[in-house]
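Q: This is the structure I want to talk about, given as structure tokens.
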Amino acid sequence: MPGPEPLLCDAMLGKLARWLRLLGFDTAYPGGDAHDDTLAAQARAEQRVLLTRDVALAQRVPRSVLLRSKDPEAQLREALLALGAPDPALRLTRCTLCNEPLRPAKPEEQARAPPSVRDGVSAYRTCPSCGQLYWRGTHVAAIERALRGLDAMNGP
């Protein structure tokens, strides 16, 4: 079963991009210096759905979702209503920094975890691109609570 369509968030949607990555969406985010022409070209070239608050930009990109809210949590609800929720199995499988799919960490990579973490964690994942190390810490429970709240809002 193919995953959800790849996404592109405009410069004003950095927090939304991070949350979408947590949910497992392939979400490109070029940052604050990307101009409208660049975003439109990237969306077309990479066949990504553009998420934006810019009405004029949304009109230029046929596969776009125009978001109304300035609040990241409300933007996420809007995006999920338009895109549909991804498979829960995809959650926490992408790097929140650079969007790459995570892979199991090698022992030498696991050694970078703080000593207090190494004692209680046995499974680590890492980003093959930026090297960020991930593990199921206390923050994961908070993320999962927030995501369950979104699930409840979206219905069964």
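Ordered as shown in the structure tokens, chains take letters A, B, and onward, while each chain numbers its residues from 1 and ligands are numbered from 1 in the order shown.
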Within 9 Å of A:Trp19, counting only C-alpha atoms, which residues qualify if same-chain residues fewer than 3 places away don't, as JSON, numbers by chain?

A: {"A": [14, 15, 16, 22, 23, 24, 25, 72, 73, 76, 96]}

Q: Keeping only C-alpha atoms, write the selected residues as a PDB file, in the first residue's frame.

A:
```
ATOM      1  CA  GLY A  14       7.686  25.224   9.804  1.00  0.00           C
ATOM      2  CA  LYS A  15       5.916  23.930  12.936  1.00  0.00           C
ATOM      3  CA  LEU A  16       3.281  22.249  10.791  1.00  0.00           C
ATOM      4  CA  LEU A  22       5.985  13.094  13.155  1.00  0.00           C
ATOM      5  CA  LEU A  23       2.838  11.640  11.593  1.00  0.00           C
ATOM      6  CA  GLY A  24       4.902  10.027   8.836  1.00  0.00           C
ATOM      7  CA  PHE A  25       4.179  12.385   5.950  1.00  0.00           C
ATOM      8  CA  PRO A  72      -0.045  25.285  14.154  1.00  0.00           C
ATOM      9  CA  GLU A  73      -2.448  22.894  15.901  1.00  0.00           C
ATOM     10  CA  LEU A  76      -2.635  20.442  11.422  1.00  0.00           C
ATOM     11  CA  THR A  96      11.794  15.834  12.166  1.00  0.00           C
TER      12      THR A  96
END
```

Q: Write down as a PyMOL selection string the residues belonging to stretch 12-101 of chain A that are assigned helix (DSSP H, G or I) by DSSP computed on the backbone.

A: chain A and resi 14-23+36-45+55-60+72-83+88-90

Q: What would the file look like if the residues just selected were written as a PDB file, in the first residue's frame with C-alpha atoms?

A:
```pdb
ATOM      1  CA  GLY A  14       7.686  25.224   9.804  1.00  0.00           C
ATOM      2  CA  LYS A  15       5.916  23.930  12.936  1.00  0.00           C
ATOM      3  CA  LEU A  16       3.281  22.249  10.791  1.00  0.00           C
ATOM      4  CA  ALA A  17       6.018  20.566   8.725  1.00  0.00           C
ATOM      5  CA  ARG A  18       7.524  19.105  11.906  1.00  0.00           C
ATOM      6  CA  TRP A  19       4.157  17.712  13.063  1.00  0.00           C
ATOM      7  CA  LEU A  20       3.434  16.236   9.635  1.00  0.00           C
ATOM      8  CA  ARG A  21       6.819  14.503   9.710  1.00  0.00           C
ATOM      9  CA  LEU A  22       5.985  13.094  13.155  1.00  0.00           C
ATOM     10  CA  LEU A  23       2.838  11.640  11.593  1.00  0.00           C
ATOM     11  CA  ASP A  36       6.841  31.651  -4.302  1.00  0.00           C
ATOM     12  CA  ASP A  37       8.314  30.830  -7.734  1.00  0.00           C
ATOM     13  CA  THR A  38      10.728  28.362  -6.133  1.00  0.00           C
ATOM     14  CA  LEU A  39       7.964  26.711  -4.093  1.00  0.00           C
ATOM     15  CA  ALA A  40       5.645  26.397  -7.088  1.00  0.00           C
ATOM     16  CA  ALA A  41       8.439  24.884  -9.197  1.00  0.00           C
ATOM     17  CA  GLN A  42       9.442  22.451  -6.429  1.00  0.00           C
ATOM     18  CA  ALA A  43       5.839  21.322  -5.890  1.00  0.00           C
ATOM     19  CA  ARG A  44       5.460  20.572  -9.606  1.00  0.00           C
ATOM     20  CA  ALA A  45       8.889  18.994 -10.117  1.00  0.00           C
ATOM     21  CA  VAL A  55      -4.004  32.567  -1.510  1.00  0.00           C
ATOM     22  CA  ALA A  56      -2.112  33.714  -4.621  1.00  0.00           C
ATOM     23  CA  LEU A  57       0.437  30.895  -4.301  1.00  0.00           C
ATOM     24  CA  ALA A  58      -2.300  28.284  -3.784  1.00  0.00           C
ATOM     25  CA  GLN A  59      -3.974  29.496  -6.976  1.00  0.00           C
ATOM     26  CA  ARG A  60      -0.724  28.973  -8.926  1.00  0.00           C
ATOM     27  CA  PRO A  72      -0.045  25.285  14.154  1.00  0.00           C
ATOM     28  CA  GLU A  73      -2.448  22.894  15.901  1.00  0.00           C
ATOM     29  CA  ALA A  74      -5.410  24.247  13.937  1.00  0.00           C
ATOM     30  CA  GLN A  75      -3.309  24.101  10.744  1.00  0.00           C
ATOM     31  CA  LEU A  76      -2.635  20.442  11.422  1.00  0.00           C
ATOM     32  CA  ARG A  77      -6.352  19.750  11.826  1.00  0.00           C
ATOM     33  CA  GLU A  78      -7.052  21.612   8.555  1.00  0.00           C
ATOM     34  CA  ALA A  79      -4.316  19.699   6.743  1.00  0.00           C
ATOM     35  CA  LEU A  80      -5.538  16.317   7.993  1.00  0.00           C
ATOM     36  CA  LEU A  81      -9.099  17.126   6.977  1.00  0.00           C
ATOM     37  CA  ALA A  82      -7.864  17.883   3.456  1.00  0.00           C
ATOM     38  CA  LEU A  83      -5.296  15.071   3.174  1.00  0.00           C
ATOM     39  CA  PRO A  88      -0.539   5.080  12.361  1.00  0.00           C
ATOM     40  CA  ALA A  89       2.319   2.683  11.562  1.00  0.00           C
ATOM     41  CA  LEU A  90       4.070   5.596   9.809  1.00  0.00           C
TER      42      LEU A  90
END
```

Q: Which is closest to A:Val49 among A:Ser129, A:Asn99, A:Thr27, A:Ser69, if we use only C-alpha atoms?

A: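 That would be A:Thr27, the residue with the smallest distance to A:Val49.
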
Q: Between A:Leu147, A:Arg68, A:Cys98, A:Asp87, which one has atoms that come closest to A:Gly31, using only C-alpha atoms?

A: A:Cys98

Q: Name the residues in contact with stretch 105-107 of chain A at a cut-off of 12 Å, using only C-alpha atoms, excluding same-chain residues fewer than 6 positions from it; report them as a count of residues only.

A: 14

Q: Please measure the separation of atom CA of A:Gln47 and atom CA of A:Arg94, giving the value in Å to one decimal.

A: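 Distance between the two atoms: 19.1 Å.
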
Q: Using only C-alpha atoms, which residue out of A:Arg48, A:Arg112, A:Arg136, A:Arg148 lies closest to A:Leu8?

A: A:Arg48

Q: Check chain A with DSSP on the backbone and list each residue it calls strand (DSSP E), as a list of chain:residue names.

A: A:Leu7, A:Leu8, A:Cys9, A:Thr27, A:Ala28, A:Val49, A:Leu50, A:Leu51, A:Thr52, A:Ser64, A:Val65, A:Leu66, A:Arg103, A:Pro104, A:Tyr124, A:Arg125, A:Thr126, A:Leu133, A:Tyr134, A:Trp135

Q: Keeping only C-alpha atoms, write those residues as a PDB file, in the first residue's frame.

A:
```
ATOM      1  CA  LEU A   7       3.934  17.377   0.808  1.00  0.00           C
ATOM      2  CA  LEU A   8       5.637  20.761   0.631  1.00  0.00           C
ATOM      3  CA  CYS A   9       5.069  23.380   3.334  1.00  0.00           C
ATOM      4  CA  THR A  27       7.101  16.752   4.111  1.00  0.00           C
ATOM      5  CA  ALA A  28       9.598  19.041   2.402  1.00  0.00           C
ATOM      6  CA  VAL A  49       0.958  18.802  -2.539  1.00  0.00           C
ATOM      7  CA  LEU A  50       1.695  22.372  -1.470  1.00  0.00           C
ATOM      8  CA  LEU A  51       0.398  23.516   1.909  1.00  0.00           C
ATOM      9  CA  THR A  52       0.230  27.284   2.202  1.00  0.00           C
ATOM     10  CA  SER A  64      -2.374  22.719  -3.069  1.00  0.00           C
ATOM     11  CA  VAL A  65      -4.154  23.022   0.252  1.00  0.00           C
ATOM     12  CA  LEU A  66      -4.959  26.541   1.420  1.00  0.00           C
ATOM     13  CA  ARG A 103      16.733   3.512  10.093  1.00  0.00           C
ATOM     14  CA  PRO A 104      17.859   1.357  13.021  1.00  0.00           C
ATOM     15  CA  TYR A 124      17.375   3.554  18.694  1.00  0.00           C
ATOM     16  CA  ARG A 125      16.836   4.947  15.242  1.00  0.00           C
ATOM     17  CA  THR A 126      18.888   7.463  13.369  1.00  0.00           C
ATOM     18  CA  LEU A 133      19.540  10.006  17.005  1.00  0.00           C
ATOM     19  CA  TYR A 134      16.014   9.061  18.135  1.00  0.00           C
ATOM     20  CA  TRP A 135      14.662   6.850  20.916  1.00  0.00           C
TER      21      TRP A 135
END
```

Q: To one decimal place, how far is atom CA of A:Asp33 from atom CA of A:Pro62 in Å?

A: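 Separating atom CA of A:Asp33 from atom CA of A:Pro62 is a distance of 22.3 Å.
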